[in-house]
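For reference, query-v5.cif is printed below; it contains mmCIF, C-alpha atoms.
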```cif
data_upload
#
loop_
_atom_site.group_PDB
_atom_site.id
_atom_site.type_symbol
_atom_site.label_atom_id
_atom_site.label_comp_id
_atom_site.auth_asym_id
_atom_site.auth_seq_id
_atom_site.Cartn_x
_atom_site.Cartn_y
_atom_site.Cartn_z
ATOM 1 C CA GLN A 10 3.233 52.308 104.032
ATOM 2 C CA SER A 11 3.379 50.608 100.634
ATOM 3 C CA GLU A 12 -0.351 50.889 99.871
ATOM 4 C CA PRO A 13 -0.501 54.714 99.697
ATOM 5 C CA SER A 14 2.590 54.640 97.514
ATOM 6 C CA GLY A 15 0.897 52.133 95.187
ATOM 7 C CA GLU A 16 -2.279 54.194 95.088
ATOM 8 C CA HIS A 17 -0.215 57.298 94.368
ATOM 9 C CA GLY A 18 1.531 55.469 91.507
ATOM 10 C CA MET A 19 -1.791 54.347 90.067
ATOM 11 C CA SER A 20 -3.263 57.851 90.307
ATOM 12 C CA THR A 21 -0.149 59.316 88.667
ATOM 13 C CA ALA A 22 -0.404 56.792 85.841
ATOM 14 C CA GLY A 23 -4.101 57.633 85.493
ATOM 15 C CA ARG A 24 -3.369 61.348 85.271
ATOM 16 C CA GLN A 25 -0.664 60.737 82.689
ATOM 17 C CA ALA A 26 -3.051 58.589 80.633
ATOM 18 C CA ARG A 27 -5.760 61.251 80.766
ATOM 19 C CA ARG A 28 -3.218 63.929 79.844
ATOM 20 C CA ALA A 29 -2.034 61.862 76.873
ATOM 21 C CA GLU A 30 -5.653 61.322 75.824
ATOM 22 C CA ARG A 31 -6.368 65.061 75.982
ATOM 23 C CA THR A 32 -3.230 65.796 73.977
ATOM 24 C CA ALA A 33 -4.185 63.272 71.310
ATOM 25 C CA LYS A 34 -7.729 64.649 71.101
ATOM 26 C CA GLN A 35 -6.501 68.230 70.864
ATOM 27 C CA ALA A 36 -4.079 67.267 68.096
ATOM 28 C CA ALA A 37 -6.753 65.399 66.147
ATOM 29 C CA ASP A 38 -9.238 68.262 66.633
ATOM 30 C CA SER A 39 -6.722 70.905 65.580
ATOM 31 C CA GLY A 40 -7.441 73.153 62.617
ATOM 32 C CA PRO A 41 -4.618 71.805 60.422
ATOM 33 C CA ILE A 42 -5.640 68.165 60.906
ATOM 34 C CA LYS A 43 -9.288 68.953 60.138
ATOM 35 C CA THR A 44 -8.300 70.977 57.081
ATOM 36 C CA LEU A 45 -6.119 68.157 55.789
ATOM 37 C CA GLY A 46 -8.908 65.723 56.677
ATOM 38 C CA ARG A 47 -11.259 67.671 54.423
ATOM 39 C CA VAL A 48 -8.620 67.430 51.702
ATOM 40 C CA GLY A 49 -8.762 63.681 52.324
ATOM 41 C CA LEU A 50 -12.535 63.698 51.859
ATOM 42 C CA ILE A 51 -12.076 65.530 48.562
ATOM 43 C CA ALA A 52 -9.498 62.936 47.532
ATOM 44 C CA TYR A 53 -11.877 60.138 48.556
ATOM 45 C CA GLY A 54 -14.545 61.700 46.360
ATOM 46 C CA VAL A 55 -12.159 62.024 43.402
ATOM 47 C CA VAL A 56 -11.185 58.352 43.753
ATOM 48 C CA HIS A 57 -14.841 57.277 43.641
ATOM 49 C CA LEU A 58 -15.511 59.497 40.635
ATOM 50 C CA LEU A 59 -12.641 57.719 38.872
ATOM 51 C CA VAL A 60 -13.941 54.301 39.968
ATOM 52 C CA ALA A 61 -17.308 55.289 38.487
ATOM 53 C CA TYR A 62 -15.591 56.278 35.225
ATOM 54 C CA LEU A 63 -13.650 52.987 35.100
ATOM 55 C CA ALA A 64 -16.821 50.989 35.852
ATOM 56 C CA ALA A 65 -18.642 52.762 33.018
ATOM 57 C CA ARG A 66 -15.722 52.006 30.711
ATOM 58 C CA VAL A 67 -15.899 48.315 31.666
ATOM 59 C CA ALA A 68 -19.662 48.346 31.033
ATOM 60 C CA LEU A 69 -19.087 49.746 27.554
ATOM 61 C CA GLY A 70 -16.480 47.149 26.676
ATOM 62 C CA GLY A 71 -13.309 48.950 27.705
ATOM 63 C CA GLY A 72 -10.436 47.532 29.765
ATOM 64 C CA GLY A 73 -8.791 48.533 32.997
ATOM 65 C CA LYS A 74 -9.383 47.834 36.675
ATOM 66 C CA ALA A 75 -12.633 49.228 38.034
ATOM 67 C CA ASP A 76 -11.508 49.623 41.637
ATOM 68 C CA LYS A 77 -9.678 52.064 43.894
ATOM 69 C CA THR A 78 -6.238 50.785 42.907
ATOM 70 C CA GLY A 79 -7.138 51.270 39.254
ATOM 71 C CA ALA A 80 -8.298 54.804 40.068
ATOM 72 C CA LEU A 81 -5.019 55.582 41.854
ATOM 73 C CA GLN A 82 -3.010 54.227 38.960
ATOM 74 C CA THR A 83 -5.075 56.330 36.560
ATOM 75 C CA ILE A 84 -4.175 59.419 38.601
ATOM 76 C CA ALA A 85 -0.488 58.454 38.585
ATOM 77 C CA GLU A 86 -0.481 58.321 34.779
ATOM 78 C CA GLN A 87 -1.587 61.948 34.453
ATOM 79 C CA PRO A 88 0.736 64.990 34.278
ATOM 80 C CA ALA A 89 1.754 65.861 37.857
ATOM 81 C CA GLY A 90 -0.189 62.768 38.922
ATOM 82 C CA LYS A 91 2.463 61.593 41.392
ATOM 83 C CA LEU A 92 2.441 64.990 43.108
ATOM 84 C CA PHE A 93 -1.342 64.841 43.395
ATOM 85 C CA LEU A 94 -1.062 61.329 44.871
ATOM 86 C CA TRP A 95 1.300 62.564 47.578
ATOM 87 C CA VAL A 96 -1.163 65.331 48.471
ATOM 88 C CA LEU A 97 -3.931 62.730 48.429
ATOM 89 C CA THR A 98 -1.912 60.444 50.725
ATOM 90 C CA ILE A 99 -1.270 63.211 53.264
ATOM 91 C CA GLY A 100 -4.946 64.199 53.220
ATOM 92 C CA LEU A 101 -6.094 60.601 53.710
ATOM 93 C CA VAL A 102 -3.689 60.097 56.621
ATOM 94 C CA ALA A 103 -5.113 63.251 58.227
ATOM 95 C CA LEU A 104 -8.646 61.985 57.541
ATOM 96 C CA THR A 105 -7.731 58.712 59.260
ATOM 97 C CA ILE A 106 -6.463 60.567 62.339
ATOM 98 C CA TRP A 107 -9.531 62.797 62.375
ATOM 99 C CA GLN A 108 -11.936 59.859 62.187
ATOM 100 C CA LEU A 109 -10.042 57.948 64.875
ATOM 101 C CA ALA A 110 -10.528 60.964 67.125
ATOM 102 C CA GLU A 111 -14.236 61.004 66.236
ATOM 103 C CA ALA A 112 -14.426 57.279 67.032
ATOM 104 C CA GLY A 113 -12.896 57.882 70.451
ATOM 105 C CA TRP A 114 -14.393 61.170 71.580
ATOM 106 C CA GLY A 115 -16.650 62.608 68.883
ATOM 107 C CA HIS A 116 -20.372 62.789 68.094
ATOM 108 C CA GLY A 117 -21.230 64.231 71.508
ATOM 109 C CA TYR A 118 -24.188 66.031 69.926
ATOM 110 C CA ARG A 119 -25.947 62.732 69.179
ATOM 111 C CA ARG A 120 -28.720 61.460 71.429
ATOM 112 C CA PRO A 121 -29.413 58.905 72.760
ATOM 113 C CA GLU A 122 -26.180 57.167 73.779
ATOM 114 C CA ARG A 123 -26.892 54.224 71.459
ATOM 115 C CA LYS A 124 -26.815 56.444 68.364
ATOM 116 C CA ARG A 125 -23.579 58.038 69.532
ATOM 117 C CA THR A 126 -21.980 54.602 69.977
ATOM 118 C CA ILE A 127 -23.118 53.449 66.545
ATOM 119 C CA GLN A 128 -21.754 56.579 64.889
ATOM 120 C CA ARG A 129 -18.435 56.213 66.685
ATOM 121 C CA LEU A 130 -18.201 52.700 65.260
ATOM 122 C CA VAL A 131 -18.983 54.137 61.817
ATOM 123 C CA SER A 132 -16.154 56.654 62.297
ATOM 124 C CA LEU A 133 -13.848 53.786 63.232
ATOM 125 C CA GLY A 134 -14.812 52.019 60.005
ATOM 126 C CA GLU A 135 -14.254 55.204 58.008
ATOM 127 C CA ALA A 136 -10.822 55.546 59.617
ATOM 128 C CA GLY A 137 -9.970 52.000 58.531
ATOM 129 C CA ILE A 138 -11.115 52.625 54.955
ATOM 130 C CA ALA A 139 -9.257 55.943 54.745
ATOM 131 C CA GLY A 140 -6.123 54.369 56.221
ATOM 132 C CA ALA A 141 -6.176 51.497 53.739
ATOM 133 C CA LEU A 142 -6.668 53.912 50.839
ATOM 134 C CA ALA A 143 -3.851 56.127 52.177
ATOM 135 C CA TYR A 144 -1.557 53.088 52.193
ATOM 136 C CA SER A 145 -2.530 52.180 48.627
ATOM 137 C CA SER A 146 -2.023 55.789 47.528
ATOM 138 C CA PHE A 147 1.412 55.828 49.167
ATOM 139 C CA LYS A 148 2.413 52.621 47.383
ATOM 140 C CA VAL A 149 1.331 53.915 43.975
ATOM 141 C CA ALA A 150 2.905 57.347 44.569
ATOM 142 C CA SER A 151 6.205 55.755 45.616
ATOM 143 C CA GLY A 152 6.228 53.523 42.540
ATOM 144 C CA LYS A 153 5.546 50.266 44.383
ATOM 145 C CA GLY A 154 2.108 49.805 42.855
ATOM 146 C CA GLY A 155 -1.109 48.688 44.532
ATOM 147 C CA LYS A 156 -2.193 45.252 45.635
ATOM 148 C CA SER A 157 -2.835 43.236 42.498
ATOM 149 C CA LYS A 158 -5.658 40.808 41.912
ATOM 150 C CA GLY A 159 -3.131 37.952 42.073
ATOM 151 C CA GLU A 160 -1.873 39.097 45.485
ATOM 152 C CA LYS A 161 -5.424 39.314 46.804
ATOM 153 C CA ALA A 162 -6.221 35.829 45.500
ATOM 154 C CA ALA A 163 -3.024 34.522 47.097
ATOM 155 C CA PHE A 164 -4.055 36.009 50.434
ATOM 156 C CA ILE A 165 -7.498 34.407 50.194
ATOM 157 C CA ASP A 166 -5.731 31.129 49.327
ATOM 158 C CA LYS A 167 -3.823 31.394 52.607
ATOM 159 C CA VAL A 168 -7.011 32.070 54.559
ATOM 160 C CA PHE A 169 -8.592 28.956 53.032
ATOM 161 C CA ASP A 170 -5.638 26.958 54.390
ATOM 162 C CA TRP A 171 -6.277 28.133 57.961
ATOM 163 C CA PRO A 172 -8.365 25.953 60.290
ATOM 164 C CA ALA A 173 -12.021 26.592 59.415
ATOM 165 C CA GLY A 174 -10.761 28.958 56.695
ATOM 166 C CA GLU A 175 -13.891 28.577 54.563
ATOM 167 C CA LEU A 176 -16.068 29.561 57.519
ATOM 168 C CA LEU A 177 -13.856 32.589 58.168
ATOM 169 C CA VAL A 178 -14.104 33.744 54.543
ATOM 170 C CA ALA A 179 -17.876 33.189 54.570
ATOM 171 C CA GLY A 180 -18.142 35.112 57.849
ATOM 172 C CA ILE A 181 -16.174 38.025 56.397
ATOM 173 C CA GLY A 182 -18.425 37.965 53.342
ATOM 174 C CA LEU A 183 -21.576 38.031 55.463
ATOM 175 C CA GLY A 184 -20.088 40.875 57.512
ATOM 176 C CA ILE A 185 -19.501 42.878 54.332
ATOM 177 C CA VAL A 186 -23.078 42.151 53.213
ATOM 178 C CA ALA A 187 -24.314 43.468 56.582
ATOM 179 C CA ILE A 188 -22.243 46.633 56.095
ATOM 180 C CA ALA A 189 -23.643 46.957 52.574
ATOM 181 C CA ILE A 190 -27.200 46.772 53.918
ATOM 182 C CA TYR A 191 -26.306 49.488 56.436
ATOM 183 C CA LEU A 192 -24.925 51.700 53.640
ATOM 184 C CA VAL A 193 -28.125 51.303 51.635
ATOM 185 C CA HIS A 194 -30.225 52.096 54.726
ATOM 186 C CA ARG A 195 -28.001 55.097 55.489
ATOM 187 C CA GLY A 196 -28.757 56.536 52.074
ATOM 188 C CA VAL A 197 -32.452 55.714 51.879
ATOM 189 C CA SER A 198 -33.156 57.005 55.408
ATOM 190 C CA GLN A 199 -30.931 60.080 54.900
ATOM 191 C CA ARG A 200 -29.027 59.274 58.103
ATOM 192 C CA PHE A 201 -25.924 60.762 56.485
ATOM 193 C CA VAL A 202 -27.456 64.243 56.842
ATOM 194 C CA GLU A 203 -26.707 64.050 60.593
ATOM 195 C CA ASP A 204 -22.979 64.212 59.733
ATOM 196 C CA LEU A 205 -23.398 67.474 57.856
ATOM 197 C CA ASP A 206 -23.724 71.015 59.142
ATOM 198 C CA LEU A 207 -25.900 72.597 56.476
ATOM 199 C CA THR A 208 -26.777 75.623 58.590
ATOM 200 C CA GLY A 209 -26.472 78.702 56.422
ATOM 201 C CA SER A 210 -25.829 76.711 53.239
ATOM 202 C CA GLU A 211 -27.473 77.756 49.998
ATOM 203 C CA PRO A 212 -30.756 75.886 49.336
ATOM 204 C CA HIS A 213 -29.456 74.433 46.051
ATOM 205 C CA ALA A 214 -26.260 73.221 47.783
ATOM 206 C CA ARG A 215 -28.299 71.568 50.544
ATOM 207 C CA GLU A 216 -30.582 69.921 47.997
ATOM 208 C CA ALA A 217 -27.657 68.673 45.904
ATOM 209 C CA ALA A 218 -25.818 67.241 48.940
ATOM 210 C CA ILE A 219 -28.916 65.325 50.050
ATOM 211 C CA ARG A 220 -29.788 64.020 46.576
ATOM 212 C CA PHE A 221 -26.218 62.875 45.848
ATOM 213 C CA GLY A 222 -26.144 61.123 49.226
ATOM 214 C CA GLN A 223 -29.509 59.458 48.681
ATOM 215 C CA VAL A 224 -28.256 57.902 45.447
ATOM 216 C CA GLY A 225 -24.578 57.498 46.285
ATOM 217 C CA TRP A 226 -24.768 55.636 49.587
ATOM 218 C CA PRO A 227 -27.087 52.874 48.250
ATOM 219 C CA ALA A 228 -24.907 52.500 45.126
ATOM 220 C CA LEU A 229 -21.843 52.055 47.317
ATOM 221 C CA GLY A 230 -23.821 49.522 49.345
ATOM 222 C CA VAL A 231 -24.686 47.559 46.195
ATOM 223 C CA ALA A 232 -21.016 47.454 45.138
ATOM 224 C CA TYR A 233 -19.886 46.212 48.549
ATOM 225 C CA GLY A 234 -22.809 43.818 48.732
ATOM 226 C CA ILE A 235 -21.642 42.104 45.549
ATOM 227 C CA ILE A 236 -18.137 41.826 47.021
ATOM 228 C CA GLY A 237 -19.570 40.204 50.155
ATOM 229 C CA LEU A 238 -21.703 37.768 48.182
ATOM 230 C CA LEU A 239 -18.708 36.779 46.039
ATOM 231 C CA LEU A 240 -16.739 36.083 49.218
ATOM 232 C CA VAL A 241 -19.519 33.840 50.480
ATOM 233 C CA TYR A 242 -19.709 32.134 47.071
ATOM 234 C CA SER A 243 -15.932 31.612 47.056
ATOM 235 C CA ALA A 244 -16.184 29.965 50.492
ATOM 236 C CA VAL A 245 -19.003 27.665 49.388
ATOM 237 C CA THR A 246 -17.254 26.663 46.140
ATOM 238 C CA TYR A 247 -13.705 26.840 47.546
ATOM 239 C CA ASP A 248 -12.670 29.212 44.745
ATOM 240 C CA PRO A 249 -10.443 32.103 45.965
ATOM 241 C CA LYS A 250 -10.449 33.696 42.492
ATOM 242 C CA LYS A 251 -14.059 34.735 43.054
ATOM 243 C CA ALA A 252 -13.035 36.885 46.050
ATOM 244 C CA THR A 253 -10.719 39.566 44.696
ATOM 245 C CA GLY A 254 -12.431 42.893 45.359
ATOM 246 C CA MET A 255 -14.509 45.526 43.656
ATOM 247 C CA ASP A 256 -13.017 45.046 40.192
ATOM 248 C CA THR A 257 -14.158 41.416 40.135
ATOM 249 C CA ALA A 258 -17.517 42.358 41.668
ATOM 250 C CA LEU A 259 -18.306 44.982 39.028
ATOM 251 C CA LYS A 260 -17.108 42.791 36.171
ATOM 252 C CA THR A 261 -19.241 39.943 37.532
ATOM 253 C CA LEU A 262 -22.216 42.299 37.494
ATOM 254 C CA ALA A 263 -21.391 43.243 33.887
ATOM 255 C CA GLY A 264 -21.539 39.561 32.920
ATOM 256 C CA GLN A 265 -25.141 39.122 34.081
ATOM 257 C CA PRO A 266 -28.261 39.506 31.927
ATOM 258 C CA TYR A 267 -28.730 43.241 31.359
ATOM 259 C CA GLY A 268 -25.331 43.569 33.051
ATOM 260 C CA THR A 269 -24.261 46.527 30.940
ATOM 261 C CA VAL A 270 -27.284 48.553 31.993
ATOM 262 C CA LEU A 271 -26.953 47.468 35.635
ATOM 263 C CA LEU A 272 -23.261 48.348 35.738
ATOM 264 C CA LEU A 273 -23.899 51.742 34.157
ATOM 265 C CA ILE A 274 -26.528 52.408 36.839
ATOM 266 C CA VAL A 275 -24.080 51.413 39.599
ATOM 267 C CA ALA A 276 -21.379 53.551 37.958
ATOM 268 C CA ALA A 277 -23.720 56.541 37.954
ATOM 269 C CA GLY A 278 -24.497 55.874 41.611
ATOM 270 C CA LEU A 279 -20.801 55.695 42.514
ATOM 271 C CA ALA A 280 -20.296 58.999 40.688
ATOM 272 C CA CYS A 281 -23.051 60.461 42.889
ATOM 273 C CA PHE A 282 -21.230 59.143 45.954
ATOM 274 C CA GLY A 283 -18.027 60.788 44.745
ATOM 275 C CA ALA A 284 -19.890 64.070 44.321
ATOM 276 C CA TYR A 285 -21.440 63.660 47.784
ATOM 277 C CA CYS A 286 -17.933 63.317 49.267
ATOM 278 C CA LEU A 287 -17.100 66.759 47.883
ATOM 279 C CA PHE A 288 -20.106 68.206 49.731
ATOM 280 C CA ASP A 289 -19.114 66.142 52.790
ATOM 281 C CA ALA A 290 -15.688 67.817 52.724
ATOM 282 C CA ARG A 291 -17.350 71.230 52.707
ATOM 283 C CA TYR A 292 -20.100 70.637 55.271
ATOM 284 C CA ARG A 293 -18.851 67.834 57.575
ATOM 285 C CA ARG A 294 -19.511 68.591 61.246
ATOM 286 C CA GLY A 295 -16.476 69.243 63.414
#
```

Would you write the structure of this file as structure tokens?
Amino acid sequence: QSEPSGEHGMSTAGRQARRAERTAKQAADSGPIKTLGRVGLIAYGVVHLLVAYLAARVALGGGGKADKTGALQTIAEQPAGKLFLWVLTIGLVALTIWQLAEAGWGHGYRRPERKRTIQRLVSLGEAGIAGALAYSSFKVASGKGGKSKGEKAAFIDKVFDWPAGELLVAGIGLGIVAIAIYLVHRGVSQRFVEDLDLTGSEPHAREAAIRFGQVGWPALGVAYGIIGLLLVYSAVTYDPKKATGMDTALKTLAGQPYGTVLLLIVAAGLACFGAYCLFDARYRRG
């Protein structure tokens, strides 16, 4: 008599799980979440435009932090900047939820199954990036500041103290380099166009979205590639100070022969990526 009862309990639990999954998907696919998610994409683009500006300023001998935290702090210093940061935070949280839903149930239009799986993993990565930026935006908006270079170095110090810590840091660095290569390939091959619904768009808008993506994605890949290589270098030399994010990566690039020109090129590319994000907000599928 107990077996049917157990089977009934399992089927009830299964139905409840499926119901919860449908509810979560419907919430994430709702109009308000998608609208706020597009606001998040706009915010993401604005942040990269500011990073590009800060990188260009570093290339030309100016100060400041050429990373996302520096961009957020720059926003906070403007009139009504804190209000804009709160809007940005809400939009990025919605973008995170939206991309988590895409990672779980989205991209059904992609064929074959392998491409759908890869794109769901990309959505999961985008959700992680948006979530981290939302957290940083919240901290700056609430007056707690972003993670400083010293805090990042301290964290890397702790990782070095773990068993096989150097190998872990090197592995993370190589993983970031692999992601960077994917970003470059995504731009060069125009794979990003599959995420856009350009049906009915004006020809000049379509052309601009594609051109900004072709330049912007590889530039973002170069920036992350430098971060990954610095992580690997820090593991080899046991120097955590070499592994402190995009600001260090871009300033390291500026210190190379012809570094000013190279950094200005990367800054222009990051500006293109920021502009692409604005088109992405307008034409993203879903």

The PyMOL selection byres ((chain A and resi 46) around 10) on the file shown: which residues, as a list in words?
-> Ala37, Gly40, Pro41, Ile42, Lys43, Thr44, Leu45, Arg47, Val48, Gly49, Leu50, Ile51, Ala52, Ile99, Gly100, Leu101, Val102, Ala103, Leu104, Thr105, Ile106, Trp107, Gln108, Ala139 and Ala290 of chain A

Atom-to-atom span, atom CA of A:Val197 and atom CA of A:Glu135, Å = 19.2 Å

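Nearest to A:Gly152 of all the residues A:Phe288, A:Phe169, A:Phe221, A:Trp95 is A:Trp95, based on only C-alpha atoms.
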
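Here atom CA of A:Gln265 stands at a distance of 18.5 Å from atom CA of A:Ala61.
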
Find the distance between atom CA of A:Leu271 and atom CA of A:Thr246 and write it in Å to one decimal.
->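 Computed distance, atom CA of A:Leu271 to atom CA of A:Thr246, equals 25.2 Å.
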
Can you list, as JSON, numbers by chain, every protein, DNA or RNA residue that comes within 10 Å of A:Arg200 when you count all atoms listed in the file, leaving out same-chain residues fewer than 5 positions away?
-> {"A": [192, 194, 195, 205, 222, 223]}

For A:Val202, which residue out of A:Ile127, A:Val168, A:Ile190, A:Ile219 is the nearest one, using only C-alpha atoms?
->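 Of the candidates, the smallest distance to A:Val202 is held by A:Ile219.
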
Build an axis-aligned box that encloses every atom of stretch 184-192 of chain A listed in the file, pad it by 3 Å on each side, and report its centre and edge lengths in Å to one decimal, as lines of an AutoDock Vina configuration file.
```
center_x = -23.4
center_y = 46.3
center_z = 55.0
size_x = 13.7
size_y = 16.8
size_z = 10.9
```

Counting all atoms listed in the file, the option among A:Glu111, A:Asp289, A:Asp256, A:Asp76 closest to A:Gln128 |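 Comparing A:Glu111, A:Asp289, A:Asp256, A:Asp76 against A:Gln128, the winner is A:Glu111.
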
Reconstructed N, CA, C and O atoms for stretch 188-203 of chain A, given as a short mmCIF file (atom, residue, chain, number, x, y, z; two decimals), in the coordinates of the input:
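Once written, result.cif looks like this:
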```cif
data_model
loop_
_atom_site.label_atom_id
_atom_site.label_comp_id
_atom_site.auth_asym_id
_atom_site.auth_seq_id
_atom_site.Cartn_x
_atom_site.Cartn_y
_atom_site.Cartn_z
N ILE A 188 -22.67 45.24 56.26
CA ILE A 188 -22.24 46.63 56.10
C ILE A 188 -22.92 47.25 54.87
O ILE A 188 -23.35 48.41 54.89
N ALA A 189 -23.01 46.47 53.80
CA ALA A 189 -23.64 46.96 52.57
C ALA A 189 -25.11 47.32 52.82
O ALA A 189 -25.59 48.35 52.34
N ILE A 190 -25.80 46.49 53.58
CA ILE A 190 -27.20 46.77 53.92
C ILE A 190 -27.29 48.07 54.72
O ILE A 190 -28.18 48.90 54.51
N TYR A 191 -26.34 48.25 55.65
CA TYR A 191 -26.31 49.49 56.44
C TYR A 191 -26.10 50.70 55.53
O TYR A 191 -26.74 51.74 55.72
N LEU A 192 -25.20 50.58 54.55
CA LEU A 192 -24.92 51.70 53.64
C LEU A 192 -26.18 52.07 52.84
O LEU A 192 -26.48 53.25 52.65
N VAL A 193 -26.89 51.04 52.37
CA VAL A 193 -28.12 51.30 51.64
C VAL A 193 -29.13 52.00 52.55
O VAL A 193 -29.76 53.00 52.16
N HIS A 194 -29.28 51.49 53.77
CA HIS A 194 -30.22 52.10 54.73
C HIS A 194 -29.81 53.53 55.05
O HIS A 194 -30.67 54.42 55.16
N ARG A 195 -28.51 53.76 55.17
CA ARG A 195 -28.00 55.10 55.49
C ARG A 195 -28.40 56.10 54.42
O ARG A 195 -28.75 57.24 54.73
N GLY A 196 -28.37 55.64 53.16
CA GLY A 196 -28.76 56.54 52.07
C GLY A 196 -30.26 56.74 51.98
O GLY A 196 -30.73 57.87 51.87
N VAL A 197 -31.00 55.64 52.04
CA VAL A 197 -32.45 55.71 51.88
C VAL A 197 -33.10 56.50 53.01
O VAL A 197 -34.03 57.29 52.80
N SER A 198 -32.58 56.32 54.24
CA SER A 198 -33.16 57.00 55.41
C SER A 198 -32.59 58.41 55.62
O SER A 198 -33.02 59.11 56.53
N GLN A 199 -31.60 58.78 54.80
CA GLN A 199 -30.93 60.08 54.90
C GLN A 199 -30.22 60.27 56.24
O GLN A 199 -30.05 61.39 56.72
N ARG A 200 -29.76 59.18 56.84
CA ARG A 200 -29.03 59.27 58.10
C ARG A 200 -27.72 60.05 57.94
O ARG A 200 -27.22 60.63 58.90
N PHE A 201 -27.19 60.07 56.73
CA PHE A 201 -25.92 60.76 56.48
C PHE A 201 -26.04 62.27 56.72
O PHE A 201 -25.03 62.94 56.97
N VAL A 202 -27.26 62.80 56.66
CA VAL A 202 -27.46 64.24 56.84
C VAL A 202 -27.02 64.66 58.25
O VAL A 202 -26.59 65.80 58.47
N GLU A 203 -27.10 63.74 59.22
CA GLU A 203 -26.71 64.05 60.59
C GLU A 203 -25.22 64.38 60.69
O GLU A 203 -24.78 65.04 61.65
#
```
